[in-house]
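Next up, my_file32.csv (CSV, C-alpha atoms and all ligand atoms):
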chain,number,residue,atom,x,y,z
H,23,MET,CA,43.0,-19.4,-51.4
H,24,GLY,CA,39.6,-20.0,-52.7
H,25,ARG,CA,36.6,-17.7,-52.1
H,26,PHE,CA,34.6,-18.2,-49.0
H,27,ARG,CA,30.9,-17.6,-48.4
H,28,ILE,CA,29.0,-17.6,-45.2
H,29,ASP,CA,26.3,-20.3,-45.3
H,30,PRO,CA,23.1,-18.3,-45.3
H,31,SER,CA,21.2,-21.1,-43.6
H,32,ILE,CA,23.0,-20.3,-40.4
H,33,THR,CA,21.4,-17.2,-38.9
H,34,GLY,CA,22.6,-15.3,-35.9
H,35,ALA,CA,21.7,-17.4,-33.0
H,36,SER,CA,20.5,-15.9,-29.7
H,37,THR,CA,23.5,-17.4,-27.9
H,38,ASN,CA,26.8,-15.5,-27.7
H,39,ASN,CA,28.8,-18.4,-29.1
H,40,GLN,CA,27.6,-18.2,-32.6
H,41,SER,CA,28.7,-20.9,-34.9
H,42,ALA,CA,29.1,-20.3,-38.5
H,43,SER,CA,30.1,-22.7,-41.2
H,44,VAL,CA,32.1,-21.6,-44.1
H,45,LEU,CA,32.1,-23.3,-47.4
H,46,ALA,CA,35.2,-23.2,-49.4
H,47,SER,CA,34.8,-22.9,-53.1
H,48,GLY,CA,35.8,-26.5,-53.2
H,49,SER,CA,33.8,-29.2,-51.6
H,50,GLN,CA,35.6,-29.0,-48.3
H,51,SER,CA,33.6,-27.5,-45.5
H,52,PHE,CA,34.7,-26.7,-42.0
H,53,LYS,CA,33.3,-25.0,-39.0
H,54,PHE,CA,34.7,-22.5,-36.6
H,55,ARG,CA,33.3,-20.8,-33.5
H,56,VAL,CA,33.1,-17.1,-33.0
H,57,HIS,CA,33.9,-16.3,-29.4
H,58,PRO,CA,32.3,-13.1,-28.0
H,59,ASN,CA,34.8,-10.5,-27.0
H,60,PRO,CA,34.6,-10.5,-23.2
H,61,THR,CA,35.2,-6.8,-23.1
H,62,SER,CA,32.1,-5.8,-25.2
H,63,PRO,CA,28.8,-6.5,-23.5
H,64,VAL,CA,25.7,-7.4,-25.4
H,65,LYS,CA,24.3,-4.4,-27.2
H,66,GLY,CA,21.2,-3.0,-25.6
H,67,SER,CA,22.1,-4.5,-22.2
H,68,PHE,CA,22.6,-2.4,-19.1
H,69,GLN,CA,26.4,-2.5,-19.3
H,70,SER,CA,26.5,-1.7,-23.0
H,71,ASP,CA,24.1,1.3,-22.6
H,72,LEU,CA,26.1,2.5,-19.6
H,73,ASP,CA,29.4,2.2,-21.6
H,74,SER,CA,27.9,3.8,-24.7
H,75,GLY,CA,27.8,7.2,-23.0
H,76,LYS,CA,24.5,8.0,-24.8
H,77,PHE,CA,22.4,7.6,-21.7
H,78,GLN,CA,23.3,10.8,-19.8
H,79,LYS,CA,20.4,10.4,-17.3
H,80,ARG,CA,20.5,7.9,-14.5
H,81,TRP,CA,18.1,7.2,-11.6
H,82,GLU,CA,18.7,4.8,-8.8
H,83,THR,CA,15.2,3.3,-8.9
H,84,LEU,CA,12.1,3.4,-11.0
H,85,GLN,CA,10.4,5.5,-8.2
H,86,ASP,CA,13.2,8.0,-8.5
H,87,PHE,CA,12.6,8.2,-12.2
H,88,ASP,CA,8.8,8.7,-11.7
H,89,LYS,CA,9.4,11.5,-9.3
H,90,TRP,CA,11.9,13.1,-11.6
H,91,LEU,CA,9.5,12.9,-14.5
H,92,SER,CA,6.7,14.6,-12.6
H,93,ASP,CA,9.0,17.3,-11.3
H,94,GLU,CA,10.5,17.9,-14.7
H,95,GLN,CA,7.0,18.3,-16.2
H,96,ARG,CA,5.9,20.7,-13.5
H,97,ARG,CA,9.1,22.7,-13.6
H,98,LEU,CA,8.9,23.5,-17.3
H,99,ALA,CA,5.1,23.2,-17.6
H,100,ILE,CA,5.5,20.6,-20.2
H,101,GLU,CA,3.9,17.2,-20.7
H,102,LEU,CA,6.0,14.2,-21.7
H,103,ARG,CA,3.7,11.7,-23.2
H,104,LEU,CA,4.4,7.9,-23.3
H,105,VAL,CA,4.2,6.9,-26.9
H,106,ASN,CA,5.9,3.5,-26.9
H,107,THR,CA,6.7,0.7,-24.5
H,108,ASP,CA,9.0,-2.1,-25.7
H,109,THR,CA,9.4,-5.2,-23.7
H,110,ARG,CA,10.5,-7.6,-26.4
H,111,SER,CA,14.1,-7.9,-25.5
H,112,ASP,CA,15.6,-10.0,-22.7
H,113,ARG,CA,18.4,-7.4,-22.4
H,114,TYR,CA,16.1,-4.9,-20.8
H,115,THR,CA,12.8,-5.1,-18.9
H,116,GLN,CA,11.2,-2.1,-20.5
H,117,LYS,CA,12.2,0.5,-23.0
H,118,ARG,CA,9.9,3.5,-22.9
H,119,ARG,CA,9.8,6.4,-25.2
H,120,PHE,CA,8.2,9.7,-24.2
H,121,VAL,CA,7.7,12.8,-26.4
H,122,CYS,CA,6.7,16.3,-25.7
H,123,SER,CA,2.9,16.8,-26.0
H,124,ARG,CA,3.7,19.4,-28.7
H,125,ALA,CA,5.5,16.9,-30.9
H,126,GLY,CA,4.1,16.1,-34.3
H,127,THR,CA,2.3,18.3,-36.8
H,128,GLY,CA,-1.2,17.5,-35.6
H,129,GLY,CA,-1.9,15.9,-38.9
H,130,LYS,CA,-2.2,18.1,-42.0
H,131,LYS,CA,-5.7,18.5,-43.2
H,132,THR,CA,-6.1,17.2,-46.7
H,133,TYR,CA,-9.6,18.6,-47.4
H,134,VAL,CA,-10.3,22.0,-48.8
H,135,LYS,CA,-12.1,24.2,-46.4
H,136,ILE,CA,-15.4,25.6,-47.7
H,137,HIS,CA,-15.2,28.6,-45.3
H,138,PRO,CA,-11.6,29.3,-44.7
H,139,GLU,CA,-12.6,32.5,-42.9
H,140,TRP,CA,-14.1,30.3,-40.2
H,141,THR,CA,-10.7,29.1,-39.0
H,142,ARG,CA,-10.3,30.0,-35.4
H,143,LYS,CA,-7.4,32.2,-34.6
H,144,ARG,CA,-5.9,29.8,-32.1
H,145,GLU,CA,-2.2,28.9,-32.1
H,146,GLY,CA,-1.8,25.3,-32.9
H,147,LYS,CA,-0.8,22.9,-30.2
H,148,ARG,CA,1.7,20.9,-32.3
H,149,THR,CA,4.9,22.5,-33.1
H,150,ASP,CA,6.9,19.5,-34.2
H,151,CYS,CA,8.8,19.8,-31.0
H,152,GLY,CA,11.8,17.4,-31.0
H,153,CYS,CA,12.1,16.8,-27.3
H,154,SER,CA,12.1,13.1,-26.4
H,155,LEU,CA,13.1,10.8,-23.6
H,156,ILE,CA,14.0,7.2,-23.8
H,157,VAL,CA,14.0,5.3,-20.5
H,158,LYS,CA,15.3,1.8,-20.0
H,159,ASN,CA,15.2,-0.5,-17.0
H,160,TYR,CA,16.9,-3.8,-16.9
H,161,PRO,CA,16.5,-7.3,-15.4
H,162,GLY,CA,18.4,-7.6,-12.1
H,163,VAL,CA,19.4,-4.0,-12.0
H,164,SER,CA,17.5,-1.3,-10.1
H,165,ILE,CA,19.3,1.6,-11.9
H,166,VAL,CA,17.3,3.2,-14.7
H,167,LEU,CA,19.0,4.9,-17.6
H,168,GLY,CA,17.7,7.7,-19.8
H,169,LYS,CA,18.5,9.3,-23.1
H,170,TYR,CA,17.1,12.8,-22.9
H,171,ASN,CA,16.8,15.4,-25.6
H,172,ASP,CA,15.4,18.4,-23.8
H,173,ALA,CA,15.5,20.9,-26.6
H,174,HIS,CA,12.0,22.4,-27.2
H,175,ASN,CA,11.1,24.6,-30.1
H,176,HIS,CA,8.4,26.5,-28.1
H,177,ALA,CA,8.2,28.6,-25.0
H,178,LEU,CA,8.2,26.8,-21.7
H,179,GLY,CA,6.7,27.7,-18.4
H,180,ASN,CA,3.4,29.5,-18.1
H,181,ALA,CA,3.3,30.2,-21.9
H,182,ASN,CA,3.1,26.5,-22.5
H,183,LEU,CA,0.6,25.7,-19.8
H,184,ARG,CA,-2.5,25.9,-22.0
H,185,TYR,CA,-1.0,23.1,-24.1
H,186,THR,CA,-0.7,20.7,-21.2
H,187,GLN,CA,-3.3,18.7,-19.5
H,188,ILE,CA,-5.6,19.9,-16.9
H,189,PRO,CA,-4.3,18.9,-13.4
H,190,LYS,CA,-5.6,15.4,-12.4
H,191,GLU,CA,-7.4,16.8,-9.3
H,192,THR,CA,-9.3,19.4,-11.3
H,193,ARG,CA,-10.2,16.7,-13.9
H,194,GLU,CA,-11.5,14.5,-11.1
H,195,TYR,CA,-13.6,17.3,-9.7
H,196,ILE,CA,-15.1,18.0,-13.1
H,197,ALA,CA,-15.7,14.3,-13.6
H,198,GLY,CA,-17.5,14.1,-10.3
H,199,LEU,CA,-19.8,17.0,-11.1
H,200,LEU,CA,-20.5,15.5,-14.6
H,201,ARG,CA,-21.4,12.2,-12.9
H,202,LEU,CA,-24.0,14.1,-10.9
H,203,LYS,CA,-25.2,15.4,-14.3
H,204,VAL,CA,-24.3,19.0,-13.6
H,205,THR,CA,-24.2,20.6,-17.1
H,206,PRO,CA,-20.8,21.4,-18.6
H,207,GLU,CA,-21.7,25.1,-18.9
H,208,HIS,CA,-22.4,25.4,-15.2
H,209,ILE,CA,-19.2,23.5,-14.3
H,210,LEU,CA,-17.2,26.0,-16.4
H,211,HIS,CA,-19.0,28.8,-14.6
H,212,LEU,CA,-17.9,27.4,-11.3
H,213,ILE,CA,-14.3,26.9,-12.3
H,214,HIS,CA,-13.9,30.4,-13.8
H,215,ARG,CA,-15.5,32.0,-10.8
H,216,GLY,CA,-12.9,30.3,-8.7
H,217,VAL,CA,-15.4,28.3,-6.7
H,218,TYR,CA,-13.1,25.4,-7.2
H,219,ASP,CA,-9.4,25.7,-7.1
H,220,SER,CA,-6.8,23.0,-7.0
H,221,ASP,CA,-5.9,21.5,-3.7
H,222,ALA,CA,-2.5,20.9,-5.1
H,223,LEU,CA,-2.0,24.6,-5.1
H,224,PHE,CA,-2.9,24.8,-1.5
H,225,GLU,CA,-0.6,22.0,-0.7
H,226,GLY,CA,2.2,23.8,-2.4
H,227,GLU,CA,2.7,20.8,-4.6
H,228,PHE,CA,2.6,22.9,-7.8
H,229,ASP,CA,3.9,26.2,-8.7
H,230,GLY,CA,1.0,28.4,-7.5
H,231,ASP,CA,0.9,30.7,-10.6
H,232,ALA,CA,1.1,27.8,-12.9
H,233,VAL,CA,-1.9,25.9,-11.6
H,234,ALA,CA,-4.0,28.9,-11.1
H,235,ALA,CA,-3.4,29.8,-14.7
H,236,ARG,CA,-4.2,26.3,-16.0
H,237,THR,CA,-7.7,26.4,-14.6
H,238,GLU,CA,-8.3,29.8,-16.2
H,239,PHE,CA,-7.6,28.1,-19.6
H,240,ILE,CA,-10.2,25.5,-19.1
H,241,GLN,CA,-12.7,25.7,-21.9
H,242,LEU,CA,-16.1,24.1,-22.5
H,243,ARG,CA,-14.5,21.7,-24.9
H,244,ASP,CA,-12.2,20.5,-22.2
H,245,ILE,CA,-15.2,19.6,-20.0
H,246,ARG,CA,-16.9,18.0,-23.0
H,247,ARG,CA,-13.8,15.9,-23.5
H,248,ILE,CA,-14.0,14.7,-19.9
H,249,GLU,CA,-17.7,14.0,-20.4
H,250,LYS,CA,-16.9,11.8,-23.3
H,251,ASP,CA,-14.3,9.9,-21.3
H,252,ILE,CA,-16.8,9.3,-18.6
H,253,GLU,CA,-19.4,8.1,-21.1
H,254,ALA,CA,-16.9,5.6,-22.5
H,255,GLU,CA,-15.9,4.5,-19.0
H,256,THR,CA,-19.5,4.2,-17.9
H,257,VAL,CA,-20.3,2.0,-20.9
H,258,ARG,CA,-17.2,-0.1,-20.3
H,259,LEU,CA,-17.2,-0.4,-16.6
H,260,ASN,CA,-20.3,0.8,-14.9
H,261,PRO,CA,-23.5,0.6,-16.9
H,262,ASP,CA,-25.2,1.7,-13.7
H,263,ASP,CA,-24.9,5.5,-13.2
H,264,GLY,CA,-25.2,5.0,-9.5
H,265,LEU,CA,-22.1,2.8,-9.4
H,266,SER,CA,-19.8,5.4,-10.9
H,267,THR,CA,-21.1,7.9,-8.4
H,268,LEU,CA,-20.4,5.5,-5.6
H,269,GLN,CA,-16.9,5.0,-6.9
H,270,TRP,CA,-16.4,8.8,-6.9
H,271,VAL,CA,-17.7,9.0,-3.3
H,272,ARG,CA,-15.2,6.4,-2.3
H,273,ASN,CA,-12.4,8.4,-3.9
H,274,LEU,CA,-13.5,11.6,-2.1
H,275,GLU,CA,-13.7,9.7,1.2
H,276,ALA,CA,-10.2,8.4,0.8
H,277,LYS,CA,-8.9,11.9,0.3
H,278,GLY,CA,-10.9,13.3,3.2
H,279,HIS,CA,-13.0,15.5,0.9
H,280,LEU,CA,-16.3,13.9,1.7
H,281,LEU,CA,-18.4,15.8,4.2
H,282,GLY,CA,-21.5,13.6,4.0
H,283,PHE,CA,-23.2,11.2,1.8
H,284,LYS,CA,-26.6,9.5,1.8
H,285,SER,CA,-27.8,7.3,-1.0
H,286,LYS,CA,-31.5,7.0,-1.6
H,287,SER,CA,-31.5,3.6,0.2
H,288,ASP,CA,-29.6,4.7,3.3
H,289,THR,CA,-31.6,5.7,6.3
H,290,PRO,CA,-31.3,9.4,7.2
H,291,PRO,CA,-28.9,10.2,10.1
H,292,PRO,CA,-30.9,10.9,13.2
H,293,GLY,CA,-31.7,14.6,13.6
H,294,SER,CA,-30.7,15.4,10.1
H,295,GLY,CA,-34.2,16.2,9.1
H,296,LEU,CA,-33.6,14.6,5.7
H,297,ASP,CA,-36.3,12.7,3.9
H,298,ARG,CA,-36.0,9.0,3.7
H,299,ASP,CA,-35.5,8.7,0.0
H,300,VAL,CA,-33.3,11.8,-0.5
H,301,PHE,CA,-29.9,11.6,-2.1
H,302,THR,CA,-27.3,13.9,-0.6
H,303,LEU,CA,-23.6,14.4,-1.3
H,304,MET,CA,-21.5,17.0,0.4
H,305,VAL,CA,-18.0,17.7,-0.8
H,306,GLN,CA,-15.4,20.0,0.5
H,307,THR,CA,-11.8,19.8,-0.8
H,308,ASP,CA,-8.9,20.8,1.5
H,309,TRP,CA,-8.5,24.0,-0.4
H,310,GLN,CA,-12.1,24.9,0.0
H,311,ARG,CA,-12.0,24.0,3.7
H,312,CYS,CA,-9.0,26.3,4.1
H,313,MET,CA,-10.8,29.2,2.3
H,314,PHE,CA,-13.9,28.6,4.4
H,315,LYS,CA,-12.0,28.8,7.6
H,316,LYS,CA,-10.1,31.9,6.4
H,317,HIS,CA,-12.9,33.9,4.9
H,318,GLY,CA,-16.2,32.3,6.0
H,319,ALA,CA,-16.8,34.2,9.3
H,320,PRO,CA,-18.0,37.6,8.1
H,321,LEU,CA,-20.2,36.5,5.1
H,322,LEU,CA,-21.3,33.2,3.8
H,323,CYS,CA,-23.3,33.0,0.6
H,324,ILE,CA,-25.4,30.2,-0.7
H,325,ASP,CA,-25.6,29.6,-4.4
H,326,ALA,CA,-28.4,27.2,-5.0
H,327,THR,CA,-28.9,26.6,-8.7
H,328,HIS,CA,-31.8,24.9,-10.3
H,329,ASN,CA,-31.8,23.3,-13.7
H,330,THR,CA,-28.0,22.9,-13.7
H,331,THR,CA,-28.3,19.2,-13.7
H,332,MET,CA,-30.0,16.8,-16.0
H,333,TYR,CA,-31.8,15.2,-13.0
H,334,ASP,CA,-35.0,17.2,-12.4
H,335,SER,CA,-34.9,16.5,-8.7
H,336,LEU,CA,-31.2,17.2,-8.1
H,337,ASN,CA,-30.2,20.6,-6.8
H,338,LEU,CA,-26.6,21.8,-6.7
H,339,THR,CA,-25.9,24.1,-3.7
H,340,THR,CA,-22.6,25.8,-3.4
H,341,LEU,CA,-21.4,27.7,-0.3
H,342,VAL,CA,-19.4,30.7,-1.4
H,343,VAL,CA,-17.1,32.9,0.7
H,344,ARG,CA,-15.4,36.1,-0.5
H,345,ASP,CA,-11.7,36.4,-0.2
H,346,LYS,CA,-9.9,39.7,0.4
H,347,TRP,CA,-10.0,40.5,-3.3
H,348,ALA,CA,-13.8,40.0,-3.2
H,349,HIS,CA,-13.5,37.0,-5.5
H,350,GLY,CA,-16.0,34.2,-4.8
H,351,THR,CA,-14.1,31.1,-3.6
I,1,ZN,ZN,8.3,20.6,-26.5
Once you've parsed the file, please lay out its structure as structure tokens.
Ligand SMILES: [Zn+2]
Amino acid sequence: MGRFRIDPSITGASTNNQSASVLASGSQSFKFRVHPNPTSPVKGSFQSDLDSGKFQKRWETLQDFDKWLSDEQRRLAIELRLVNTDTRSDRYTQKRRFVCSRAGTGGKKTYVKIHPEWTRKREGKRTDCGCSLIVKNYPGVSIVLGKYNDAHNHALGNANLRYTQIPKETREYIAGLLRLKVTPEHILHLIHRGVYDSDALFEGEFDGDAVAARTEFIQLRDIRRIEKDIEAETVRLNPDDGLSTLQWVRNLEAKGHLLGFKSKSDTPPPGSGLDRDVFTLMVQTDWQRCMFKKHGAPLLCIDATHNTTMYDSLNLTTLVVRDKWAHGT
């Protein structure tokens, strides 16, 4: 027998019936066909992933997965962040990779600090946590498969809460106030005084302790970050400040949180006593409404604050009731 070599000009074709030609050491050449083993499905396909036993998680539909993902994050007070979406293969529709928000080292600083004593004594967010989740869905199959490594190298639950994102509702509320040019300092004041609390808490959608604690951890820099996002969004989408406010009003209306709104160009409602060119926006979230009903009868305070907004002519007025612990809500 002479030596054989695989002709390098024949690369693995995308079809299953790969043909390869083999050159004998002599001048004779012949071809043969490699038939796929019918019992081994194409690697990376649904059947192959299922058979591999590496995908220990399984959801009947994408919706089921989405629900599981939000439940899991809430249950452990973690955040699984989408870091990669792969749609290049025809063997799966989408392969997504999520990692814990505390994954990574946070980037090691290479510069030498001039004042090392200025370092804030704050525990770093990144712990190099190895938790990861790979989720695949496939063409023609509704079942979603997942490879989940749920080992974290940090505390879970309330202790991890400060390293997760502020609840979406709270962020929207902050964003709304920022759009009205309420200063970040005043927003922080409102949040820490409990003037706003998450409706999600009221709806029982979140673990009560968890959400209440997360708002406590909100810092000025969180609000500034949201402010930056809004600036970017405003530049990109709505160069007109008024438009983004209108969008916010629409969102509030959809959720039933809008009590009243009058733009400068709207005619005042009859009997309202409002000036023709006044801008008015009245907001009450479900949670605030509930607190108002519960505690509003004996004492209702009005907190009217000047100079909390960057618009000279805009005043922010907050109705405050006291709960049984005498906290303003
Ligand atoms: Zn983690």
Suppose you want the space between CA of Ala197 in chain H and CA of Leu268 in chain H; what is it in Å?
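The value is 12.8 Å.
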List as a Markdown table every residue of chain H that is in contact with ligand ZN 1 (chain I), defined as an atom at most 12 Å from one of its atoms (using only C-alpha atoms and all ligand atoms), together with the nearest atom pair and the distance in Å rounded to one decimal, sorted by chain and then rising number.
| residue | atom | partner | partner_atom | distance |
| --- | --- | --- | --- | --- |
| H:Gln95 | CA | I:ZN1 | ZN | 10.6 |
| H:Leu98 | CA | I:ZN1 | ZN | 9.7 |
| H:Ala99 | CA | I:ZN1 | ZN | 9.8 |
| H:Ile100 | CA | I:ZN1 | ZN | 6.9 |
| H:Glu101 | CA | I:ZN1 | ZN | 8.0 |
| H:Leu102 | CA | I:ZN1 | ZN | 8.3 |
| H:Arg103 | CA | I:ZN1 | ZN | 10.5 |
| H:Phe120 | CA | I:ZN1 | ZN | 11.1 |
| H:Val121 | CA | I:ZN1 | ZN | 7.8 |
| H:Cys122 | CA | I:ZN1 | ZN | 4.7 |
| H:Ser123 | CA | I:ZN1 | ZN | 6.6 |
| H:Arg124 | CA | I:ZN1 | ZN | 5.2 |
| H:Ala125 | CA | I:ZN1 | ZN | 6.4 |
| H:Gly126 | CA | I:ZN1 | ZN | 9.9 |
| H:Lys147 | CA | I:ZN1 | ZN | 10.1 |
| H:Arg148 | CA | I:ZN1 | ZN | 8.8 |
| H:Thr149 | CA | I:ZN1 | ZN | 7.7 |
| H:Asp150 | CA | I:ZN1 | ZN | 7.9 |
| H:Cys151 | CA | I:ZN1 | ZN | 4.6 |
| H:Gly152 | CA | I:ZN1 | ZN | 6.5 |
| H:Cys153 | CA | I:ZN1 | ZN | 5.4 |
| H:Ser154 | CA | I:ZN1 | ZN | 8.4 |
| H:Leu155 | CA | I:ZN1 | ZN | 11.3 |
| H:Asn171 | CA | I:ZN1 | ZN | 10.0 |
| H:Asp172 | CA | I:ZN1 | ZN | 7.9 |
| H:Ala173 | CA | I:ZN1 | ZN | 7.2 |
| H:His174 | CA | I:ZN1 | ZN | 4.2 |
| H:Asn175 | CA | I:ZN1 | ZN | 6.1 |
| H:His176 | CA | I:ZN1 | ZN | 6.1 |
| H:Ala177 | CA | I:ZN1 | ZN | 8.1 |
| H:Leu178 | CA | I:ZN1 | ZN | 7.8 |
| H:Gly179 | CA | I:ZN1 | ZN | 10.9 |
| H:Ala181 | CA | I:ZN1 | ZN | 11.8 |
| H:Asn182 | CA | I:ZN1 | ZN | 8.8 |
| H:Leu183 | CA | I:ZN1 | ZN | 11.4 |
| H:Tyr185 | CA | I:ZN1 | ZN | 9.9 |
| H:Thr186 | CA | I:ZN1 | ZN | 10.4 |
Between CA of Asn337 in chain H and CA of Asp299 in chain H, what is the spacing in Å?
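CA of Asp299 in chain H sits 14.7 Å away from CA of Asn337 in chain H.
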Expected answer as JSON, numbers by chain: all residues with atoms within 10 Å of (-8.6, 22.8, -18.0), only C-alpha atoms
{"H": [183, 184, 185, 186, 187, 188, 189, 190, 192, 193, 196, 210, 213, 233, 235, 236, 237, 238, 239, 240, 241, 242, 243, 244, 245, 248]}
Could you turn the residues from that selection into a file that holds C-alpha atoms, as an mmCIF file, in the coordinates of the input?
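Dumped everything to out.cif:
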data_model
loop_
_atom_site.group_PDB
_atom_site.id
_atom_site.type_symbol
_atom_site.label_atom_id
_atom_site.label_comp_id
_atom_site.auth_asym_id
_atom_site.auth_seq_id
_atom_site.Cartn_x
_atom_site.Cartn_y
_atom_site.Cartn_z
ATOM 1 C CA LEU H 183 0.600 25.700 -19.800
ATOM 2 C CA ARG H 184 -2.500 25.900 -22.000
ATOM 3 C CA TYR H 185 -1.000 23.100 -24.100
ATOM 4 C CA THR H 186 -0.700 20.700 -21.200
ATOM 5 C CA GLN H 187 -3.300 18.700 -19.500
ATOM 6 C CA ILE H 188 -5.600 19.900 -16.900
ATOM 7 C CA PRO H 189 -4.300 18.900 -13.400
ATOM 8 C CA LYS H 190 -5.600 15.400 -12.400
ATOM 9 C CA THR H 192 -9.300 19.400 -11.300
ATOM 10 C CA ARG H 193 -10.200 16.700 -13.900
ATOM 11 C CA ILE H 196 -15.100 18.000 -13.100
ATOM 12 C CA LEU H 210 -17.200 26.000 -16.400
ATOM 13 C CA ILE H 213 -14.300 26.900 -12.300
ATOM 14 C CA VAL H 233 -1.900 25.900 -11.600
ATOM 15 C CA ALA H 235 -3.400 29.800 -14.700
ATOM 16 C CA ARG H 236 -4.200 26.300 -16.000
ATOM 17 C CA THR H 237 -7.700 26.400 -14.600
ATOM 18 C CA GLU H 238 -8.300 29.800 -16.200
ATOM 19 C CA PHE H 239 -7.600 28.100 -19.600
ATOM 20 C CA ILE H 240 -10.200 25.500 -19.100
ATOM 21 C CA GLN H 241 -12.700 25.700 -21.900
ATOM 22 C CA LEU H 242 -16.100 24.100 -22.500
ATOM 23 C CA ARG H 243 -14.500 21.700 -24.900
ATOM 24 C CA ASP H 244 -12.200 20.500 -22.200
ATOM 25 C CA ILE H 245 -15.200 19.600 -20.000
ATOM 26 C CA ILE H 248 -14.000 14.700 -19.900
#
Fewer than 6 positions away in the same chain doesn't count, so skip those; otherwise give me all residues within 9 Å of Asn106 in chain H, counting all atoms listed in the file, as JSON, numbers by chain.
{"H": [117, 118, 119, 120]}
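Straight-line separation from CA of Thr302 in chain H to CA of Glu207 in chain H: 22.2 Å.
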For Gly168 in chain H, which residue out of H:Leu322, H:Val342, H:Val204, H:Leu91 is the nearest one, using only C-alpha atoms?
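For Gly168 in chain H, the nearest of the candidates is H:Leu91.
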Shell around Leu281 in chain H at 8 Å using all atoms listed in the file, local window under 3 positions removed, as number ranges by chain:
H: 278, 303-306
Would you mind telling me which residue in H:Tyr170, H:Phe301, H:Phe314, H:Tyr114 lies nearest to Gln69 in chain H when using all atoms listed in the file?
H:Tyr114
